[in-house]
$ cat start26.txt   # compact mmCIF, C-alpha atoms
# COMPACT_ATOMS: atom_id res chain seq x y z
CA MET A 1 71.62 53.67 119.12
CA GLU A 2 73.70 56.32 120.81
CA ASN A 3 72.58 57.48 124.21
CA LEU A 4 72.17 61.13 125.11
CA VAL A 5 75.60 61.44 126.77
CA GLU A 6 77.36 60.01 123.71
CA LYS A 7 75.49 62.40 121.42
CA LEU A 8 76.38 65.37 123.63
CA GLU A 9 80.06 64.40 123.66
CA LYS A 10 80.02 64.00 119.88
CA LEU A 11 78.48 67.48 119.50
CA LYS A 12 81.11 68.98 121.83
CA SER A 13 83.85 67.31 119.82
CA LEU A 14 82.50 68.76 116.57
CA ILE A 15 82.30 72.24 118.10
CA LYS A 16 85.88 72.02 119.46
CA GLU A 17 87.17 71.37 115.92
CA LYS A 18 85.93 74.78 114.77
CA GLU A 19 87.72 78.08 115.13
CA LYS A 20 84.51 80.00 114.42
CA LEU A 21 80.91 78.88 114.31
CA ILE A 22 77.61 80.43 113.31
CA VAL A 23 74.53 79.07 115.07
CA SER A 24 71.04 79.72 113.70
CA PHE A 25 69.10 80.42 116.87
CA SER A 26 65.31 80.03 116.90
CA GLY A 27 64.91 80.14 120.66
CA GLY A 28 63.86 76.50 120.88
CA VAL A 29 65.50 73.88 123.05
CA ASP A 30 67.75 72.41 120.34
CA SER A 31 69.21 75.65 119.03
CA SER A 32 69.51 77.04 122.56
CA LEU A 33 71.61 74.04 123.57
CA VAL A 34 73.88 74.37 120.54
CA ALA A 35 74.26 78.13 121.04
CA LYS A 36 75.11 77.67 124.74
CA LEU A 37 77.65 74.94 124.05
CA ALA A 38 79.28 76.96 121.26
CA PHE A 39 79.49 80.05 123.46
CA ASP A 40 80.93 78.10 126.40
CA MET A 41 83.48 76.26 124.29
CA LEU A 42 84.53 78.92 121.78
CA GLY A 43 83.79 82.14 123.63
CA GLY A 44 81.57 84.87 122.41
$ encode --input "start26.txt" --output "structure tokens"
Amino acid sequence: MENLVEKLEKLKSLIKEKEKLIVSFSGGVDSSLVAKLAFDMLGG
């Protein structure tokens, strides 16, 4: 089973591959994390 750090790095890698990304944002912890990572990595 992957640990949290490995999962986070995998998510970052997937985001980096994209030129544009749409994130459905519910305001919960999971979508907030994905939205923050996407904004930080791809700009906004």
$ atom_distance --input "start26.txt" --atom1 "atom CA of A:Leu21" --atom2 "atom CA of A:Asn3"
25.0 Å
$ atom_distance --input "start26.txt" --atom1 "atom CA of A:Met41" --atom2 "atom CA of A:Leu14"
10.8 Å
$ residues_around --input "start26.txt" --residues "A:Leu8" --least-positions-apart "6" --cutoff "12 Å" --atoms "only C-alpha atoms" --output "MDAnalysis selection string"
chainID A and resid 2 14:15 30 33:34 37
$ write_last_selection --input "start26.txt" --atoms "C-alpha atoms" --output "tab-separated table (two decimals), in the frame of the given file"
chain	number	residue	atom	x	y	z
A	2	GLU	CA	73.70	56.32	120.81
A	14	LEU	CA	82.50	68.76	116.57
A	15	ILE	CA	82.30	72.24	118.10
A	30	ASP	CA	67.75	72.41	120.34
A	33	LEU	CA	71.61	74.04	123.57
A	34	VAL	CA	73.88	74.37	120.54
A	37	LEU	CA	77.65	74.94	124.05
$ residues_near_point --input "start26.txt" --point "(72.1, 80.6, 119.3)" --cutoff "7 Å" --atoms "all atoms listed in the file" --output "NGL selection string"
:A and (23-25 or 31-32 or 34-36)
$ atom_distance --input "start26.txt" --atom1 "atom CA of A:Lys18" --atom2 "atom CA of A:Val5"
20.7 Å
$ closest_residue --input "start26.txt" --among "A:Glu17, A:Ile22, A:Gly28, A:Lys12" --to "A:Asp40" --atoms "all atoms listed in the file"
A:Lys12
$ axis_aligned_box --input "start26.txt" --around "stretch 3-16 of chain A" --padding-each-side "3 Å" --output "JSON"
{"center_x": 79.0, "center_y": 64.9, "center_z": 121.7, "size_x": 19.7, "size_y": 20.8, "size_z": 16.2}
